[in-house]
Amino acid sequence: MTWAPASLKCLCTLMLVSLAARFAISADSTIDAVFPPLRQPRPAGSALPVGHEMPLGWQKDSDGEITAYTEDLHPQEFWDKHVSVNKPAVLRGHKKDEPAFKLWTDEYLRTTYADQHVRVELKQENRSYGAWRMTLPDFLDRYRSENIYAVTVLPEAMRHEVKVPTPLLCGTFRKYLQELNLWIGFTGTRSVMHYDADHNIHCLLAGRKDFIMVERQYEYKLGFGKKPSTVGSGFSKMNPDKVDLVKFPGVYDAPWTHATLNPGDCIFIPGGYIHQVRGYGRTISETLLFTPFHEEFELGECSADDLTFKSLKDVEIYWTYMGGNSDIEMGYMNPLLLKDMMANTFREHKLKALTQKDFVRFFFESTSSGNAQGDPVEVYGQYIDINGTGAVTEEEIRNLPMSSLKEIARAMDAAAVSLKLAKTGAGSEEEADDATAEQKTEL
């Protein structure tokens, strides 16, 4: 994936563990497990560091809880106190008034959205493995007993039952709503330590999730590898279920804070903020990604009416999934950000017009090696220089339609996932199952 914001493999749900004799780790499905953990002393006679081969969080005490609010945050306050300074926040009970919170039982989802597809991964997130797609009813029939969970773009048909978080209802935020992801899992899911390019507000509708939060400045102590400068997200190679303190002694030097989400709660995770997530019970949650922006925040008109309940159907989000689409697309860059980047190249290179040669240079400068999905020459001719003049002005770039910007983004960026729908012809379920099985063998 390129610098493109987005991505989803950010907030993965979790795996609960408990302490047994001599710190052996066993699975624990209890939803009321203690968090943050109660650190234990080094066993008598052991020379190993405290917390060695224990889950993340057992090595040192948390510095405290993330700032939490029980009342709605006004967009200006959200910007001033959190987004502009990259500071996480918890919004208690924020989603209890949305239809999804009350309606989304397995049976309701199975019958109401029987024709929708979801993207599926292994419970214990491993970024060496791929993903596959299933129908929502098929997933719901299997996720409680199999080693799988869903992390997918929320189908368009479900958006009317999800509310937009109040802090994002006014001002510049509305221009940068990127993608809305749906997560469904059952006890035993957890993420690696990672950070994402985008800001996100993650909201829990059922179950429980625990978050370990670490400032980005400590990534070099936590097993994060080197990555191209064009890549906006990153993840640690450290096993969060069994931390090797001999290999990663820097864990002791990385302060962390924490948060627990219960049904209805949300957490704001700034882009670039390291986090690790563990989930308990049946978990279902939503993540609204919004792109970090460098322009000044402008609140504009923001009346009390503007801050009343609005569903996702009432706002524009750039990347969505329509039932029946051949692809489930996740992780692409913000089209408006892409447009600004192309426009900025005029000033950076003192251009009067953008030629094919100029665009090819921009294309590869902005794309990680091996991530390009299209031919820049074809992209230039089909979506940018549509009149065939050989030179495009900055004004023409700024007037490109959203459909063209999305096609350029698809060509430039290997999204987190773009899963094809099998062509079943005459509705052959057997053929669709074969296609799913082929995708699953990648695991």
# chains A, B, ... in the order shown; residues from 1 in each chain; ligands from 1
$ closest_atom_pairs --of "stretch 222-325 of chain A" --to "stretch 176-191 of chain A" --cutoff "10 Å" --atoms "only C-alpha atoms" --output "CSV"
residue,atom,partner,partner_atom,distance
A:Phe235,CA,A:Ser191,CA,9.8
A:Asn239,CA,A:Ser191,CA,9.8
A:Pro240,CA,A:Ser191,CA,8.1
A:Asp241,CA,A:Arg190,CA,8.9
A:His275,CA,A:Ser191,CA,8.7
A:Gln276,CA,A:Ser191,CA,5.7
A:Val277,CA,A:Ser191,CA,5.3
A:Arg278,CA,A:Arg190,CA,4.5
A:Gly279,CA,A:Thr189,CA,5.8
A:Tyr280,CA,A:Thr187,CA,4.8
A:Gly281,CA,A:Thr187,CA,4.6
A:Arg282,CA,A:Phe186,CA,4.4
A:Thr283,CA,A:Gly185,CA,5.2
A:Ile284,CA,A:Ile184,CA,4.4
A:Ser285,CA,A:Trp183,CA,5.1
A:Glu286,CA,A:Leu182,CA,4.8
A:Thr287,CA,A:Asn181,CA,5.0
A:Leu288,CA,A:Leu180,CA,4.5
A:Leu289,CA,A:Glu179,CA,5.2
A:Phe290,CA,A:Leu177,CA,4.5
A:Thr291,CA,A:Tyr176,CA,5.3
A:Pro292,CA,A:Tyr176,CA,7.8
A:Phe293,CA,A:Tyr176,CA,7.8
A:Leu312,CA,A:Leu180,CA,8.9
A:Val315,CA,A:Leu177,CA,8.5
A:Glu316,CA,A:Leu177,CA,7.1
A:Ile317,CA,A:Leu177,CA,5.2
A:Tyr318,CA,A:Gln178,CA,5.2
A:Trp319,CA,A:Glu179,CA,5.2
A:Thr320,CA,A:Glu179,CA,6.7
A:Tyr321,CA,A:Leu180,CA,9.6
$ write_last_selection --atoms "C-alpha atoms" --output "short mmCIF file (atom, residue, chain, number, x, y, z; two decimals), in the first residue's frame"
data_model
loop_
_atom_site.label_atom_id
_atom_site.label_comp_id
_atom_site.auth_asym_id
_atom_site.auth_seq_id
_atom_site.Cartn_x
_atom_site.Cartn_y
_atom_site.Cartn_z
CA PHE A 235 3.25 -2.35 11.82
CA ASN A 239 4.27 -10.72 18.79
CA PRO A 240 1.82 -8.85 21.08
CA ASP A 241 0.67 -12.11 22.68
CA HIS A 275 -2.12 1.13 18.90
CA GLN A 276 -2.87 -2.51 19.63
CA VAL A 277 -6.39 -3.85 20.12
CA ARG A 278 -7.89 -6.88 21.84
CA GLY A 279 -11.57 -7.89 21.70
CA TYR A 280 -13.85 -10.00 23.87
CA GLY A 281 -17.14 -11.75 23.21
CA ARG A 282 -19.14 -11.04 20.08
CA THR A 283 -17.72 -7.75 18.83
CA ILE A 284 -19.24 -5.59 16.15
CA SER A 285 -17.89 -2.13 15.39
CA GLU A 286 -17.58 0.65 12.82
CA THR A 287 -14.54 2.69 11.84
CA LEU A 288 -14.94 6.01 10.03
CA LEU A 289 -11.65 7.04 8.41
CA PHE A 290 -10.99 10.70 7.68
CA THR A 291 -7.89 12.03 6.00
CA PRO A 292 -5.38 14.26 7.82
CA PHE A 293 -5.36 17.65 6.11
CA LEU A 312 -24.03 8.08 6.70
CA VAL A 315 -22.93 12.76 3.91
CA GLU A 316 -20.44 12.06 1.15
CA ILE A 317 -17.87 9.33 1.81
CA TYR A 318 -15.43 8.68 -1.00
CA TRP A 319 -14.98 4.91 -0.95
CA THR A 320 -18.07 2.74 -0.52
CA TYR A 321 -19.29 -0.74 -1.45
#
$ residues_around --residues "A:Pro75" --least-positions-apart "5" --cutoff "12 Å" --atoms "only C-alpha atoms" --output "list in words"
Asp80, Lys81, His82, Val83, Ser84, Pro165, Thr166, Pro167, Leu168, Leu169, Cys170, Gly171, Thr172, Phe173, Arg174, Phe297, Glu298, Leu299, Gly300, Glu301, Cys302, Ser303, Ala304, Asp306 and Leu307 of chain A
$ closest_residue --among "A:Met412, A:Gly223, A:Ser311, A:Met322" --to "A:Tyr113" --atoms "only C-alpha atoms"
A:Met322
$ closest_residue --among "A:Asn334, A:Asn387, A:Gln356, A:Asn86" --to "A:Asp375" --atoms "only C-alpha atoms"
A:Gln356
$ atom_distance --atom1 "atom CA of A:Cys203" --atom2 "atom CA of A:Lys95"
7.1 Å
$ closest_residue --among "A:Phe309, A:Ala343, A:Ser236, A:Glu329" --to "A:Asn399" --atoms "only C-alpha atoms"
A:Ala343
$ residues_around --residues "A:Gly388" --least-positions-apart "4" --cutoff "12 Å" --atoms "only C-alpha atoms" --output "ChimeraX atom specification"
/A:355-356,378,380-384,392
$ decode --residues "stretch 206-242 of chain A" --atoms "N, CA, C and O atoms" --output "PDB file, in the first residue's frame"
ATOM      1  N   ALA A 206     -21.132  -3.818  20.035  1.00  0.00           N
ATOM      2  CA  ALA A 206     -21.348  -5.006  20.865  1.00  0.00           C
ATOM      3  C   ALA A 206     -20.007  -5.552  21.307  1.00  0.00           C
ATOM      4  O   ALA A 206     -19.001  -5.409  20.605  1.00  0.00           O
ATOM      5  N   GLY A 207     -19.977  -6.175  22.506  1.00  0.00           N
ATOM      6  CA  GLY A 207     -18.754  -6.764  23.018  1.00  0.00           C
ATOM      7  C   GLY A 207     -17.914  -5.779  23.809  1.00  0.00           C
ATOM      8  O   GLY A 207     -18.427  -4.819  24.394  1.00  0.00           O
ATOM      9  N   ARG A 208     -16.622  -6.006  23.812  1.00  0.00           N
ATOM     10  CA  ARG A 208     -15.681  -5.140  24.517  1.00  0.00           C
ATOM     11  C   ARG A 208     -14.354  -5.148  23.772  1.00  0.00           C
ATOM     12  O   ARG A 208     -13.949  -6.167  23.212  1.00  0.00           O
ATOM     13  N   LYS A 209     -13.663  -4.005  23.768  1.00  0.00           N
ATOM     14  CA  LYS A 209     -12.334  -3.904  23.176  1.00  0.00           C
ATOM     15  C   LYS A 209     -11.417  -3.114  24.105  1.00  0.00           C
ATOM     16  O   LYS A 209     -11.820  -2.087  24.654  1.00  0.00           O
ATOM     17  N   ASP A 210     -10.185  -3.582  24.245  1.00  0.00           N
ATOM     18  CA  ASP A 210      -9.150  -2.885  24.999  1.00  0.00           C
ATOM     19  C   ASP A 210      -8.097  -2.364  24.041  1.00  0.00           C
ATOM     20  O   ASP A 210      -7.664  -3.084  23.123  1.00  0.00           O
ATOM     21  N   PHE A 211      -7.673  -1.116  24.275  1.00  0.00           N
ATOM     22  CA  PHE A 211      -6.699  -0.456  23.403  1.00  0.00           C
ATOM     23  C   PHE A 211      -5.442  -0.094  24.196  1.00  0.00           C
ATOM     24  O   PHE A 211      -5.540   0.513  25.266  1.00  0.00           O
ATOM     25  N   ILE A 212      -4.286  -0.475  23.664  1.00  0.00           N
ATOM     26  CA  ILE A 212      -2.992   0.015  24.146  1.00  0.00           C
ATOM     27  C   ILE A 212      -2.527   1.069  23.156  1.00  0.00           C
ATOM     28  O   ILE A 212      -2.454   0.817  21.955  1.00  0.00           O
ATOM     29  N   MET A 213      -2.213   2.275  23.642  1.00  0.00           N
ATOM     30  CA  MET A 213      -1.894   3.415  22.789  1.00  0.00           C
ATOM     31  C   MET A 213      -0.487   3.918  23.090  1.00  0.00           C
ATOM     32  O   MET A 213      -0.134   4.135  24.254  1.00  0.00           O
ATOM     33  N   VAL A 214       0.320   4.121  22.028  1.00  0.00           N
ATOM     34  CA  VAL A 214       1.714   4.552  22.180  1.00  0.00           C
ATOM     35  C   VAL A 214       1.998   5.650  21.164  1.00  0.00           C
ATOM     36  O   VAL A 214       1.643   5.528  19.986  1.00  0.00           O
ATOM     37  N   GLU A 215       2.657   6.719  21.585  1.00  0.00           N
ATOM     38  CA  GLU A 215       2.996   7.802  20.666  1.00  0.00           C
ATOM     39  C   GLU A 215       3.991   7.313  19.612  1.00  0.00           C
ATOM     40  O   GLU A 215       4.855   6.487  19.881  1.00  0.00           O
ATOM     41  N   ARG A 216       3.882   7.882  18.435  1.00  0.00           N
ATOM     42  CA  ARG A 216       4.669   7.448  17.275  1.00  0.00           C
ATOM     43  C   ARG A 216       6.180   7.554  17.515  1.00  0.00           C
ATOM     44  O   ARG A 216       6.962   6.775  16.951  1.00  0.00           O
ATOM     45  N   GLN A 217       6.612   8.472  18.347  1.00  0.00           N
ATOM     46  CA  GLN A 217       8.050   8.679  18.546  1.00  0.00           C
ATOM     47  C   GLN A 217       8.750   7.440  19.104  1.00  0.00           C
ATOM     48  O   GLN A 217       9.969   7.341  19.062  1.00  0.00           O
ATOM     49  N   TYR A 218       7.975   6.477  19.620  1.00  0.00           N
ATOM     50  CA  TYR A 218       8.581   5.287  20.223  1.00  0.00           C
ATOM     51  C   TYR A 218       8.575   4.077  19.294  1.00  0.00           C
ATOM     52  O   TYR A 218       8.899   2.966  19.724  1.00  0.00           O
ATOM     53  N   GLU A 219       8.251   4.264  18.028  1.00  0.00           N
ATOM     54  CA  GLU A 219       8.141   3.116  17.137  1.00  0.00           C
ATOM     55  C   GLU A 219       9.459   2.359  17.007  1.00  0.00           C
ATOM     56  O   GLU A 219       9.470   1.126  16.873  1.00  0.00           O
ATOM     57  N   TYR A 220      10.585   3.057  17.076  1.00  0.00           N
ATOM     58  CA  TYR A 220      11.876   2.377  16.909  1.00  0.00           C
ATOM     59  C   TYR A 220      12.192   1.444  18.069  1.00  0.00           C
ATOM     60  O   TYR A 220      13.070   0.578  17.967  1.00  0.00           O
ATOM     61  N   LYS A 221      11.482   1.582  19.171  1.00  0.00           N
ATOM     62  CA  LYS A 221      11.680   0.701  20.323  1.00  0.00           C
ATOM     63  C   LYS A 221      10.748  -0.519  20.307  1.00  0.00           C
ATOM     64  O   LYS A 221      10.862  -1.402  21.162  1.00  0.00           O
ATOM     65  N   LEU A 222       9.859  -0.560  19.350  1.00  0.00           N
ATOM     66  CA  LEU A 222       8.784  -1.551  19.397  1.00  0.00           C
ATOM     67  C   LEU A 222       8.761  -2.502  18.206  1.00  0.00           C
ATOM     68  O   LEU A 222       7.736  -3.130  17.933  1.00  0.00           O
ATOM     69  N   GLY A 223       9.862  -2.618  17.494  1.00  0.00           N
ATOM     70  CA  GLY A 223       9.950  -3.603  16.427  1.00  0.00           C
ATOM     71  C   GLY A 223       9.333  -3.194  15.109  1.00  0.00           C
ATOM     72  O   GLY A 223       9.037  -4.049  14.271  1.00  0.00           O
ATOM     73  N   PHE A 224       9.139  -1.884  14.892  1.00  0.00           N
ATOM     74  CA  PHE A 224       8.646  -1.421  13.603  1.00  0.00           C
ATOM     75  C   PHE A 224       9.806  -1.406  12.607  1.00  0.00           C
ATOM     76  O   PHE A 224      10.888  -0.900  12.908  1.00  0.00           O
ATOM     77  N   GLY A 225       9.586  -1.967  11.431  1.00  0.00           N
ATOM     78  CA  GLY A 225      10.632  -2.009  10.428  1.00  0.00           C
ATOM     79  C   GLY A 225      10.670  -0.763   9.574  1.00  0.00           C
ATOM     80  O   GLY A 225       9.788   0.101   9.647  1.00  0.00           O
ATOM     81  N   LYS A 226      11.696  -0.670   8.752  1.00  0.00           N
ATOM     82  CA  LYS A 226      11.807   0.450   7.825  1.00  0.00           C
ATOM     83  C   LYS A 226      10.776   0.285   6.721  1.00  0.00           C
ATOM     84  O   LYS A 226      10.382  -0.812   6.360  1.00  0.00           O
ATOM     85  N   LYS A 227      10.324   1.401   6.177  1.00  0.00           N
ATOM     86  CA  LYS A 227       9.350   1.377   5.092  1.00  0.00           C
ATOM     87  C   LYS A 227       9.599   2.543   4.160  1.00  0.00           C
ATOM     88  O   LYS A 227      10.239   3.535   4.550  1.00  0.00           O
ATOM     89  N   PRO A 228       9.145   2.458   2.918  1.00  0.00           N
ATOM     90  CA  PRO A 228       9.304   3.578   1.984  1.00  0.00           C
ATOM     91  C   PRO A 228       8.630   4.840   2.502  1.00  0.00           C
ATOM     92  O   PRO A 228       7.619   4.767   3.208  1.00  0.00           O
ATOM     93  N   SER A 229       9.172   5.983   2.157  1.00  0.00           N
ATOM     94  CA  SER A 229       8.610   7.253   2.624  1.00  0.00           C
ATOM     95  C   SER A 229       7.209   7.487   2.080  1.00  0.00           C
ATOM     96  O   SER A 229       6.441   8.268   2.645  1.00  0.00           O
ATOM     97  N   THR A 230       6.857   6.807   1.000  1.00  0.00           N
ATOM     98  CA  THR A 230       5.526   6.985   0.418  1.00  0.00           C
ATOM     99  C   THR A 230       4.465   6.148   1.126  1.00  0.00           C
ATOM    100  O   THR A 230       3.286   6.242   0.806  1.00  0.00           O
ATOM    101  N   VAL A 231       4.869   5.315   2.072  1.00  0.00           N
ATOM    102  CA  VAL A 231       3.918   4.469   2.801  1.00  0.00           C
ATOM    103  C   VAL A 231       3.506   5.161   4.093  1.00  0.00           C
ATOM    104  O   VAL A 231       4.357   5.546   4.904  1.00  0.00           O
ATOM    105  N   GLY A 232       2.203   5.317   4.320  1.00  0.00           N
ATOM    106  CA  GLY A 232       1.724   6.075   5.466  1.00  0.00           C
ATOM    107  C   GLY A 232       1.447   5.257   6.701  1.00  0.00           C
ATOM    108  O   GLY A 232       1.337   5.796   7.796  1.00  0.00           O
ATOM    109  N   SER A 233       1.317   3.936   6.565  1.00  0.00           N
ATOM    110  CA  SER A 233       1.016   3.082   7.714  1.00  0.00           C
ATOM    111  C   SER A 233       2.204   2.180   8.014  1.00  0.00           C
ATOM    112  O   SER A 233       3.120   2.035   7.200  1.00  0.00           O
ATOM    113  N   GLY A 234       2.199   1.577   9.197  1.00  0.00           N
ATOM    114  CA  GLY A 234       3.292   0.687   9.567  1.00  0.00           C
ATOM    115  C   GLY A 234       2.856  -0.288  10.639  1.00  0.00           C
ATOM    116  O   GLY A 234       1.864  -0.055  11.335  1.00  0.00           O
ATOM    117  N   PHE A 235       3.582  -1.390  10.784  1.00  0.00           N
ATOM    118  CA  PHE A 235       3.246  -2.354  11.822  1.00  0.00           C
ATOM    119  C   PHE A 235       4.505  -2.987  12.395  1.00  0.00           C
ATOM    120  O   PHE A 235       5.562  -3.017  11.766  1.00  0.00           O
ATOM    121  N   SER A 236       4.372  -3.472  13.619  1.00  0.00           N
ATOM    122  CA  SER A 236       5.488  -4.062  14.345  1.00  0.00           C
ATOM    123  C   SER A 236       5.574  -5.557  14.074  1.00  0.00           C
ATOM    124  O   SER A 236       4.558  -6.236  13.930  1.00  0.00           O
ATOM    125  N   LYS A 237       6.803  -6.067  14.083  1.00  0.00           N
ATOM    126  CA  LYS A 237       7.024  -7.500  13.930  1.00  0.00           C
ATOM    127  C   LYS A 237       6.984  -8.215  15.281  1.00  0.00           C
ATOM    128  O   LYS A 237       7.125  -9.431  15.345  1.00  0.00           O
ATOM    129  N   MET A 238       6.790  -7.473  16.338  1.00  0.00           N
ATOM    130  CA  MET A 238       6.737  -8.053  17.675  1.00  0.00           C
ATOM    131  C   MET A 238       5.415  -8.784  17.879  1.00  0.00           C
ATOM    132  O   MET A 238       4.354  -8.289  17.500  1.00  0.00           O
ATOM    133  N   ASN A 239       5.470  -9.952  18.485  1.00  0.00           N
ATOM    134  CA  ASN A 239       4.268 -10.722  18.793  1.00  0.00           C
ATOM    135  C   ASN A 239       3.613 -10.131  20.037  1.00  0.00           C
ATOM    136  O   ASN A 239       4.159 -10.227  21.135  1.00  0.00           O
ATOM    137  N   PRO A 240       2.430  -9.517  19.923  1.00  0.00           N
ATOM    138  CA  PRO A 240       1.822  -8.851  21.080  1.00  0.00           C
ATOM    139  C   PRO A 240       1.254  -9.836  22.102  1.00  0.00           C
ATOM    140  O   PRO A 240       0.905  -9.428  23.210  1.00  0.00           O
ATOM    141  N   ASP A 241       1.162 -11.105  21.741  1.00  0.00           N
ATOM    142  CA  ASP A 241       0.672 -12.111  22.681  1.00  0.00           C
ATOM    143  C   ASP A 241       1.789 -12.707  23.531  1.00  0.00           C
ATOM    144  O   ASP A 241       1.537 -13.298  24.584  1.00  0.00           O
ATOM    145  N   LYS A 242       3.031 -12.550  23.070  1.00  0.00           N
ATOM    146  CA  LYS A 242       4.161 -13.181  23.745  1.00  0.00           C
ATOM    147  C   LYS A 242       5.398 -12.328  23.475  1.00  0.00           C
ATOM    148  O   LYS A 242       6.240 -12.662  22.644  1.00  0.00           O
TER     149      LYS A 242
END
